[in-house]
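Chemist: Data file upload-v3.pdb (PDB, C-alpha atoms, pLDDT in the B column) is appended below.
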```pdb
ATOM      1  CA  MET A   1      -2.589 -16.982  -9.862  1.00 49.00           C
ATOM      2  CA  THR A   2      -4.376 -13.625  -9.647  1.00 50.00           C
ATOM      3  CA  ASP A   3      -5.204 -13.682 -13.361  1.00 59.00           C
ATOM      4  CA  THR A   4      -6.622 -17.213 -13.017  1.00 62.00           C
ATOM      5  CA  ILE A   5      -8.850 -16.211 -10.096  1.00 56.00           C
ATOM      6  CA  ASN A   6      -9.944 -13.042 -11.894  1.00 58.00           C
ATOM      7  CA  ALA A   7     -10.913 -15.075 -14.968  1.00 67.00           C
ATOM      8  CA  TRP A   8     -12.741 -17.590 -12.778  1.00 62.00           C
ATOM      9  CA  ILE A   9     -14.764 -14.813 -11.095  1.00 66.00           C
ATOM     10  CA  ASP A  10     -15.640 -13.309 -14.493  1.00 67.00           C
ATOM     11  CA  TRP A  11     -16.766 -16.750 -15.699  1.00 64.00           C
ATOM     12  CA  LEU A  12     -18.841 -17.269 -12.558  1.00 63.00           C
ATOM     13  CA  LEU A  13     -20.621 -13.928 -12.963  1.00 64.00           C
ATOM     14  CA  GLN A  14     -21.378 -14.678 -16.629  1.00 71.00           C
ATOM     15  CA  ALA A  15     -22.516 -18.244 -15.906  1.00 67.00           C
ATOM     16  CA  LEU A  16     -24.926 -17.008 -13.234  1.00 61.00           C
ATOM     17  CA  GLY A  17     -26.059 -14.110 -15.431  1.00 67.00           C
ATOM     18  CA  LEU A  18     -25.243 -11.571 -12.708  1.00 65.00           C
ATOM     19  CA  SER A  19     -24.547  -7.918 -13.401  1.00 72.00           C
ATOM     20  CA  GLY A  20     -25.053  -4.592 -11.646  1.00 75.00           C
ATOM     21  CA  PRO A  21     -25.800  -4.755  -7.898  1.00 82.00           C
ATOM     22  CA  ALA A  22     -26.574  -8.485  -8.257  1.00 81.00           C
ATOM     23  CA  ILE A  23     -22.815  -9.186  -8.317  1.00 81.00           C
ATOM     24  CA  LEU A  24     -23.001  -8.900  -4.527  1.00 87.00           C
ATOM     25  CA  LEU A  25     -24.539 -12.385  -4.557  1.00 85.00           C
ATOM     26  CA  VAL A  26     -21.080 -13.593  -5.622  1.00 84.00           C
ATOM     27  CA  THR A  27     -18.731 -11.037  -4.065  1.00 86.00           C
ATOM     28  CA  ILE A  28     -20.102 -11.308  -0.506  1.00 90.00           C
ATOM     29  CA  PRO A  29     -19.541 -15.114  -0.289  1.00 89.00           C
ATOM     30  CA  LEU A  30     -16.127 -14.659  -1.940  1.00 87.00           C
ATOM     31  CA  ALA A  31     -15.200 -11.989   0.627  1.00 89.00           C
ATOM     32  CA  LEU A  32     -16.130 -14.372   3.452  1.00 89.00           C
ATOM     33  CA  LEU A  33     -13.997 -17.128   1.896  1.00 87.00           C
ATOM     34  CA  GLN A  34     -11.117 -14.698   1.381  1.00 85.00           C
ATOM     35  CA  SER A  35     -11.298 -13.661   5.048  1.00 86.00           C
ATOM     36  CA  LEU A  36     -11.187 -17.318   6.101  1.00 83.00           C
ATOM     37  CA  PHE A  37      -8.632 -18.780   3.664  1.00 81.00           C
ATOM     38  CA  GLY A  38      -6.948 -15.741   2.042  1.00 76.00           C
ATOM     39  CA  PHE A  39      -6.490 -17.458  -1.325  1.00 75.00           C
ATOM     40  CA  PHE A  40      -6.822 -14.367  -3.559  1.00 75.00           C
ATOM     41  CA  PRO A  41      -6.159 -10.604  -3.289  1.00 76.00           C
ATOM     42  CA  PHE A  42      -9.138  -8.618  -2.020  1.00 81.00           C
ATOM     43  CA  VAL A  43      -8.324  -5.889  -4.563  1.00 79.00           C
ATOM     44  CA  ILE A  44     -10.038  -8.065  -7.222  1.00 80.00           C
ATOM     45  CA  LEU A  45     -13.352  -7.547  -5.445  1.00 83.00           C
ATOM     46  CA  ILE A  46     -12.665  -3.832  -5.037  1.00 84.00           C
ATOM     47  CA  VAL A  47     -12.265  -3.500  -8.817  1.00 79.00           C
ATOM     48  CA  LEU A  48     -15.544  -5.361  -9.382  1.00 81.00           C
ATOM     49  CA  HIS A  49     -17.415  -3.163  -6.917  1.00 83.00           C
ATOM     50  CA  VAL A  50     -15.988   0.070  -8.322  1.00 80.00           C
ATOM     51  CA  SER A  51     -16.899  -1.002 -11.869  1.00 77.00           C
ATOM     52  CA  VAL A  52     -20.545  -1.297 -10.775  1.00 81.00           C
ATOM     53  CA  PHE A  53     -20.974   1.256  -7.972  1.00 83.00           C
ATOM     54  CA  ASP A  54     -18.418   3.942  -9.025  1.00 80.00           C
ATOM     55  CA  VAL A  55     -15.386   4.922  -6.948  1.00 80.00           C
ATOM     56  CA  ILE A  56     -16.891   6.063  -3.643  1.00 84.00           C
ATOM     57  CA  GLY A  57     -19.763   3.573  -3.670  1.00 87.00           C
ATOM     58  CA  GLY A  58     -17.515   0.684  -4.702  1.00 86.00           C
ATOM     59  CA  MET A  59     -14.938   1.445  -2.011  1.00 87.00           C
ATOM     60  CA  LEU A  60     -17.656   1.832   0.624  1.00 91.00           C
ATOM     61  CA  ILE A  61     -19.262  -1.501  -0.278  1.00 92.00           C
ATOM     62  CA  SER A  62     -15.839  -3.182  -0.363  1.00 91.00           C
ATOM     63  CA  TRP A  63     -15.097  -1.754   3.087  1.00 93.00           C
ATOM     64  CA  LEU A  64     -18.398  -3.006   4.533  1.00 95.00           C
ATOM     65  CA  ILE A  65     -17.955  -6.484   3.037  1.00 94.00           C
ATOM     66  CA  CYS A  66     -14.332  -6.722   4.175  1.00 92.00           C
ATOM     67  CA  ASN A  67     -15.392  -5.792   7.728  1.00 94.00           C
ATOM     68  CA  LEU A  68     -18.162  -8.401   7.573  1.00 93.00           C
ATOM     69  CA  GLY A  69     -15.642 -11.065   6.539  1.00 92.00           C
ATOM     70  CA  GLY A  70     -13.278 -10.155   9.366  1.00 92.00           C
ATOM     71  CA  LEU A  71     -16.056 -10.317  11.962  1.00 92.00           C
ATOM     72  CA  PHE A  72     -17.254 -13.638  10.524  1.00 90.00           C
ATOM     73  CA  VAL A  73     -13.840 -15.290  10.912  1.00 89.00           C
ATOM     74  CA  PHE A  74     -13.158 -13.665  14.289  1.00 90.00           C
ATOM     75  CA  TYR A  75     -16.457 -14.997  15.644  1.00 89.00           C
ATOM     76  CA  LEU A  76     -15.945 -18.494  14.242  1.00 86.00           C
ATOM     77  CA  SER A  77     -12.366 -18.664  15.499  1.00 83.00           C
ATOM     78  CA  ARG A  78     -13.110 -17.448  19.008  1.00 81.00           C
ATOM     79  CA  ARG A  79     -16.441 -19.181  19.571  1.00 80.00           C
ATOM     80  CA  TYR A  80     -16.412 -22.474  17.680  1.00 76.00           C
ATOM     81  CA  LEU A  81     -13.224 -23.276  15.827  1.00 67.00           C
ATOM     82  CA  PHE A  82     -10.460 -22.285  18.253  1.00 64.00           C
ATOM     83  CA  HIS A  83      -9.048 -25.812  18.733  1.00 68.00           C
ATOM     84  CA  TRP A  84      -9.312 -26.635  15.015  1.00 68.00           C
ATOM     85  CA  PHE A  85      -7.494 -23.437  14.094  1.00 66.00           C
ATOM     86  CA  ASP A  86      -4.904 -24.052  16.806  1.00 64.00           C
ATOM     87  CA  ARG A  87      -4.105 -27.475  15.303  1.00 68.00           C
ATOM     88  CA  LYS A  88      -4.136 -26.229  11.703  1.00 65.00           C
ATOM     89  CA  TRP A  89      -2.523 -22.803  12.123  1.00 60.00           C
ATOM     90  CA  GLY A  90      -0.631 -23.074  15.425  1.00 61.00           C
ATOM     91  CA  ARG A  91       2.799 -23.518  13.846  1.00 65.00           C
ATOM     92  CA  LYS A  92       2.163 -20.888  11.198  1.00 63.00           C
ATOM     93  CA  LEU A  93       1.066 -18.350  13.796  1.00 62.00           C
ATOM     94  CA  LYS A  94       4.326 -18.787  15.723  1.00 65.00           C
ATOM     95  CA  ARG A  95       6.227 -17.049  12.937  1.00 65.00           C
ATOM     96  CA  TYR A  96       4.173 -13.954  13.775  1.00 64.00           C
ATOM     97  CA  ASP A  97       4.933 -14.000  17.524  1.00 67.00           C
ATOM     98  CA  LYS A  98       6.355 -10.468  17.411  1.00 66.00           C
ATOM     99  CA  TRP A  99       3.171  -9.116  15.872  1.00 65.00           C
ATOM    100  CA  GLN A 100       1.080 -11.108  18.342  1.00 67.00           C
ATOM    101  CA  ARG A 101       2.875  -9.309  21.186  1.00 72.00           C
ATOM    102  CA  TYR A 102       2.214  -5.949  19.531  1.00 71.00           C
ATOM    103  CA  LEU A 103      -1.416  -6.948  19.029  1.00 73.00           C
ATOM    104  CA  ASN A 104      -1.768  -7.782  22.715  1.00 70.00           C
ATOM    105  CA  ARG A 105      -0.276  -4.442  23.744  1.00 73.00           C
ATOM    106  CA  TYR A 106      -1.468  -1.963  21.131  1.00 70.00           C
ATOM    107  CA  GLY A 107      -4.607  -3.759  19.956  1.00 76.00           C
ATOM    108  CA  ILE A 108      -6.476  -1.472  17.567  1.00 81.00           C
ATOM    109  CA  TRP A 109      -3.332   0.183  16.223  1.00 84.00           C
ATOM    110  CA  THR A 110      -1.530  -3.050  15.352  1.00 82.00           C
ATOM    111  CA  LEU A 111      -4.628  -4.151  13.439  1.00 85.00           C
ATOM    112  CA  VAL A 112      -4.690  -0.849  11.549  1.00 87.00           C
ATOM    113  CA  LEU A 113      -1.022  -1.252  10.548  1.00 84.00           C
ATOM    114  CA  LEU A 114      -1.296  -4.936   9.600  1.00 82.00           C
ATOM    115  CA  ARG A 115      -4.408  -4.382   7.491  1.00 87.00           C
ATOM    116  CA  THR A 116      -2.952  -1.296   5.780  1.00 86.00           C
ATOM    117  CA  ILE A 117       0.371  -2.922   4.881  1.00 82.00           C
ATOM    118  CA  PRO A 118      -0.376  -6.547   3.874  1.00 75.00           C
ATOM    119  CA  ILE A 119       2.737  -8.137   5.389  1.00 79.00           C
ATOM    120  CA  ILE A 120       0.545 -10.793   7.038  1.00 78.00           C
ATOM    121  CA  PRO A 121      -2.341 -12.522   5.199  1.00 81.00           C
ATOM    122  CA  ASN A 122      -5.790 -11.186   6.040  1.00 83.00           C
ATOM    123  CA  ASN A 123      -7.070 -14.528   7.332  1.00 82.00           C
ATOM    124  CA  VAL A 124      -4.071 -14.916   9.656  1.00 81.00           C
ATOM    125  CA  ILE A 125      -4.746 -11.453  11.115  1.00 84.00           C
ATOM    126  CA  ASN A 126      -8.331 -12.490  11.862  1.00 86.00           C
ATOM    127  CA  ILE A 127      -7.188 -15.703  13.562  1.00 82.00           C
ATOM    128  CA  MET A 128      -4.392 -13.961  15.511  1.00 78.00           C
ATOM    129  CA  SER A 129      -6.950 -11.476  16.827  1.00 82.00           C
ATOM    130  CA  ALA A 130      -9.351 -14.238  17.857  1.00 82.00           C
ATOM    131  CA  VAL A 131      -6.742 -16.198  19.839  1.00 77.00           C
ATOM    132  CA  SER A 132      -5.407 -13.074  21.548  1.00 76.00           C
ATOM    133  CA  PRO A 133      -7.016 -11.315  24.540  1.00 76.00           C
ATOM    134  CA  LEU A 134      -8.166  -8.557  22.183  1.00 81.00           C
ATOM    135  CA  PRO A 135     -11.762  -7.568  23.091  1.00 84.00           C
ATOM    136  CA  LEU A 136     -14.424  -7.515  20.383  1.00 88.00           C
ATOM    137  CA  PRO A 137     -14.874  -3.681  20.369  1.00 89.00           C
ATOM    138  CA  ALA A 138     -11.121  -3.230  19.796  1.00 88.00           C
ATOM    139  CA  PHE A 139     -11.230  -5.757  16.941  1.00 90.00           C
ATOM    140  CA  VAL A 140     -14.190  -3.942  15.358  1.00 92.00           C
ATOM    141  CA  TRP A 141     -12.469  -0.540  15.565  1.00 92.00           C
ATOM    142  CA  GLY A 142      -9.078  -1.826  14.411  1.00 90.00           C
ATOM    143  CA  THR A 143     -10.605  -3.793  11.533  1.00 93.00           C
ATOM    144  CA  SER A 144     -12.834  -0.911  10.428  1.00 94.00           C
ATOM    145  CA  LEU A 145     -10.011   1.647  10.437  1.00 93.00           C
ATOM    146  CA  GLY A 146      -7.462  -0.780   8.985  1.00 92.00           C
ATOM    147  CA  ASN A 147      -9.717  -1.888   6.136  1.00 92.00           C
ATOM    148  CA  LEU A 148     -10.633   1.734   5.404  1.00 92.00           C
ATOM    149  CA  SER A 149      -6.931   2.573   5.246  1.00 90.00           C
ATOM    150  CA  TYR A 150      -6.144  -0.417   2.988  1.00 89.00           C
ATOM    151  CA  ILE A 151      -9.030   0.124   0.567  1.00 88.00           C
ATOM    152  CA  TRP A 152      -8.495   3.886   0.417  1.00 85.00           C
ATOM    153  CA  PHE A 153      -4.735   3.605  -0.175  1.00 82.00           C
ATOM    154  CA  PHE A 154      -4.485   0.579  -2.463  1.00 78.00           C
ATOM    155  CA  GLY A 155      -7.756   1.398  -4.178  1.00 72.00           C
ATOM    156  CA  THR A 156      -6.237   4.753  -5.113  1.00 74.00           C
ATOM    157  CA  ILE A 157      -2.735   3.751  -6.194  1.00 69.00           C
ATOM    158  CA  SER A 158      -3.079   0.189  -7.485  1.00 61.00           C
ATOM    159  CA  SER A 159      -5.025   0.716 -10.692  1.00 58.00           C
ATOM    160  CA  SER A 160      -6.416   3.434 -12.912  1.00 60.00           C
ATOM    161  CA  LEU A 161      -9.387   1.093 -13.292  1.00 60.00           C
ATOM    162  CA  ILE A 162     -10.327   2.070  -9.738  1.00 64.00           C
ATOM    163  CA  VAL A 163      -9.397   5.749  -9.548  1.00 67.00           C
ATOM    164  CA  PRO A 164      -8.741   7.804 -12.710  1.00 70.00           C
ATOM    165  CA  ARG A 165      -5.252   9.310 -12.720  1.00 71.00           C
ATOM    166  CA  GLU A 166      -6.553  12.863 -12.724  1.00 74.00           C
ATOM    167  CA  GLU A 167      -8.301  12.176  -9.384  1.00 73.00           C
ATOM    168  CA  TRP A 168      -5.317  10.549  -7.663  1.00 76.00           C
ATOM    169  CA  SER A 169      -4.171  13.766  -5.949  1.00 79.00           C
ATOM    170  CA  PHE A 170      -7.614  14.313  -4.398  1.00 81.00           C
ATOM    171  CA  TYR A 171      -7.825  10.803  -2.951  1.00 81.00           C
ATOM    172  CA  LEU A 172      -4.166  10.646  -1.880  1.00 82.00           C
ATOM    173  CA  THR A 173      -4.375  14.048  -0.145  1.00 86.00           C
ATOM    174  CA  GLY A 174      -7.447  12.896   1.730  1.00 87.00           C
ATOM    175  CA  TYR A 175      -5.666   9.678   2.657  1.00 87.00           C
ATOM    176  CA  GLY A 176      -2.618  11.621   3.854  1.00 88.00           C
ATOM    177  CA  LEU A 177      -4.793  13.694   6.204  1.00 92.00           C
ATOM    178  CA  PHE A 178      -6.463  10.507   7.449  1.00 89.00           C
ATOM    179  CA  VAL A 179      -3.047   8.983   8.287  1.00 89.00           C
ATOM    180  CA  VAL A 180      -1.880  12.146  10.084  1.00 92.00           C
ATOM    181  CA  VAL A 181      -4.962  12.047  12.316  1.00 90.00           C
ATOM    182  CA  LEU A 182      -4.447   8.331  13.062  1.00 87.00           C
ATOM    183  CA  LEU A 183      -0.773   8.864  13.937  1.00 87.00           C
ATOM    184  CA  ALA A 184      -1.583  11.807  16.187  1.00 88.00           C
ATOM    185  CA  VAL A 185      -4.159   9.788  18.122  1.00 85.00           C
ATOM    186  CA  PHE A 186      -1.792   6.804  18.352  1.00 81.00           C
ATOM    187  CA  PHE A 187       1.092   8.836  19.817  1.00 80.00           C
ATOM    188  CA  TRP A 188      -1.260  10.616  22.190  1.00 80.00           C
ATOM    189  CA  LYS A 189      -2.636   7.293  23.463  1.00 74.00           C
ATOM    190  CA  HIS A 190       0.568   5.232  23.573  1.00 67.00           C
ATOM    191  CA  TRP A 191       3.533   7.582  24.089  1.00 66.00           C
ATOM    192  CA  GLY A 192       4.242   5.964  27.466  1.00 67.00           C
ATOM    193  CA  HIS A 193       4.175   2.449  25.982  1.00 62.00           C
ATOM    194  CA  LEU A 194       6.516   3.494  23.179  1.00 62.00           C
ATOM    195  CA  GLN A 195       9.035   4.887  25.659  1.00 65.00           C
ATOM    196  CA  GLU A 196       8.801   1.689  27.715  1.00 67.00           C
ATOM    197  CA  ASP A 197       9.447  -0.430  24.602  1.00 61.00           C
ATOM    198  CA  LYS A 198      12.430   1.752  23.774  1.00 62.00           C
ATOM    199  CA  ARG A 199      13.934   1.262  27.247  1.00 63.00           C
ATOM    200  CA  GLU A 200      13.412  -2.522  27.002  1.00 62.00           C
ATOM    201  CA  ARG A 201      15.281  -2.653  23.681  1.00 59.00           C
ATOM    202  CA  MET A 202      18.201  -0.718  25.182  1.00 63.00           C
ATOM    203  CA  VAL A 203      18.602  -3.135  28.113  1.00 58.00           C
TER
END
```
Using structure tokens, write down the structure that the file contains.
Modeler:
Amino acid sequence: MTDTINAWIDWLLQALGLSGPAILLVTIPLALLQSLFGFFPFVILIVLHVSVFDVIGGMLISWLICNLGGLFVFYLSRRYLFHWFDRKWGRKLKRYDKWQRYLNRYGIWTLVLLRTIPIIPNNVINIMSAVSPLPLPAFVWGTSLGNLSYIWFFGTISSSLIVPREEWSFYLTGYGLFVVVLLAVFFWKHWGHLQEDKRERMV
């Protein structure tokens, strides 16, 4: 499936005669569709961006576009399409009830975890956030940090096309420090909640 989509994107770029920064005319709409329907891995777009804008520039542009897609779907879901999404996705969202509870309680930090480790599709995360009581600022922070974590980590380890092997240690060390800071802030903010959850599980 991934190879088919990759070939289709390559064909589309060639058919439209797009190269260099002009590929954004294709990758931005694709990122919005991916955030809404989640039908292909976002890493495909990361590779395209890195091939044009180099490692740092490509990851930065991918991060900005991914954030834009998340905000786009969050806004649509919460403002206009709530009932449509509830009918279409209601049953599917129930399988993620546990994560919905964590999202309601820990907000930003659940988003960071879910976006870093893709155990739930990106579009479902956007919809779950929109139908929860999560405020917009928390969604923006959680999405920004989570997408940064995902793109930094998977952009580094997933392919030598993105980061040359000789530079892996530099990017992974930086990512490790980033994670340590996030964990420290999380435990500082939510130690009481974690102890409460622990007591509830022991009852």
Chemist: Using the chain letters and numbering of this document, enumerate as number ranges by chain the residues selected by the PyMOL selection byres ((chain A and resi 47) around 9).
Modeler: A: 43-46, 48-52, 58-59, 155, 159, 161-162
Chemist: Have a look at A:Val181, A:Ile125, A:Val55, A:Leu103 and name the one nearest to Trp168 of chain A; count all atoms listed in the file.
Modeler: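 Distance minimum relative to Trp168 of chain A lands on A:Val55.
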Chemist: For a test of reading the model, state the distance in Å between atom CA of Leu25 of chain A and atom CA of Ile119 of chain A, rounded to one decimal.
Modeler: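 So the two atoms, atom CA of Leu25 of chain A and atom CA of Ile119 of chain A, lie 29.3 Å apart.
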Chemist: Between A:Ser62, A:Ser77, A:Asn147, A:Gln14, which is the closest to Ile28 of chain A once you count only C-alpha atoms?
Modeler: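 Ranking A:Ser62, A:Ser77, A:Asn147, A:Gln14 by distance to Ile28 of chain A, first place goes to A:Ser62.
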Chemist: Would you work out the distance separating atom CA of Ala22 of chain A from atom CA of Leu60 of chain A, expressed in Å to one decimal?
Modeler: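 A separation of 16.3 Å between them.
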Chemist: Work out how far apart atom CA of Arg79 of chain A and atom CA of Gly107 of chain A are and give it in Å to one decimal.
Modeler: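 Distance between the two atoms: 19.4 Å.
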Chemist: So, with all atoms listed in the file as the atoms that count, which of A:Ile108, A:Leu33, A:Leu76, A:Val124 lies closest to Pro137 of chain A?
Modeler: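 The answer is A:Ile108, which sits nearest to Pro137 of chain A.
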Chemist: Have a look at A:Gly176, A:Pro41, A:Ala138, A:Phe186 and name the one nearest to Cys66 of chain A; count only C-alpha atoms.
Modeler: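 The answer is A:Pro41, which sits nearest to Cys66 of chain A.
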Chemist: Which residues come within 10 Å of Trp63 of chain A, counting all atoms listed in the file, excluding same-chain residues fewer than 2 positions away, as a ChimeraX atom specification?
Modeler: /A:46,57-61,65-69,143-152
Chemist: Would you translate the PyMOL selection byres ((chain A and resi 131) around 9) into the concrete set of residues it matches in this file, as a PyMOL selection string?
Modeler: chain A and resi 74+77-78+82+86+126-130+132-134
Chemist: Taking all atoms listed in the file into account, which of A:Val179, A:Asn122, A:Asp54, A:Arg101 comes nearest Leu32 of chain A?
Modeler: A:Asn122
Chemist: Using all atoms of segment 140-156 of chain A that appear in the file, construct an axis-aligned enclosing box with 8 Å of padding on every side and provide its centre coordinates and edge lengths in Å, rounded to one decimal, as lines of an AutoDock Vina configuration file.
Modeler:
```
center_x = -9.3
center_y = 0.4
center_z = 5.2
size_x = 25.7
size_y = 24.7
size_z = 36.7
```
Chemist: Out of A:Ala184, A:Ile120, A:Leu71, A:Leu30, which residue has the shortest atom-to-atom distance to Gly142 of chain A when counting only C-alpha atoms?
Modeler: A:Leu71
